[in-house]
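Down below is the structure, laid out as structure tokens.
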Amino acid sequence: MNFDLWCQEQAGLPLERCDNRTTQDNAVFEAYRAKVEAYEIPYLQRKNSAARLDNDILRNDPVDHPPVKDITAQRPDLNTSTTMPPRP
């Protein structure tokens, strides 16, 4: 978040006052940003950890997704080198 966005969206100050960027308004913005970052950083760390857990454990299960690169080794019915005998 930057000062201009905070000034107009969060604080709801008039555009002229946001353009002036007084030291008092800047101090209030810095305090707001510090408070948000105190909550945002742990939240993002938890979110990243949950995504990593989901990806590593739930999505990459070797039983459900064997690490074989050759698709014909996984699915013999897709092997195009074998031919079926003609139907009578």
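A note on labels: chains of the structure tokens are A, B, ... as shown, every chain counts residues from 1, and ligands are counted from 1 in their shown order.
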
Env of range 2-6 of chain A: 8 Å cut, atoms = only C-alpha atoms, seq-sep filter 3 positions within chain, self excluded. Answer as a PDB file with C-alpha atoms, in the first residue's frame.
ATOM      1  CA  GLU A   9      -9.298   4.905  -0.016  1.00  0.00           C
ATOM      2  CA  GLN A  10      -8.654   4.276   3.685  1.00  0.00           C
ATOM      3  CA  ALA A  11      -8.530   7.720   5.208  1.00  0.00           C
ATOM      4  CA  CYS A  18      -3.482  13.928  -0.295  1.00  0.00           C
ATOM      5  CA  ASP A  19      -1.449  15.867  -2.843  1.00  0.00           C
ATOM      6  CA  ASN A  26       2.489  10.798   6.555  1.00  0.00           C
ATOM      7  CA  PHE A  29       0.019   6.535   7.234  1.00  0.00           C
TER       8      PHE A  29
END

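The gap separating CA of Arg33 in chain A from CA of Asn48 in chain A is 21.3 Å, in Å to one decimal.
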
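For the pair CA of Cys7 in chain A and CA of Lys47 in chain A, the interatomic distance is 28.1 Å.
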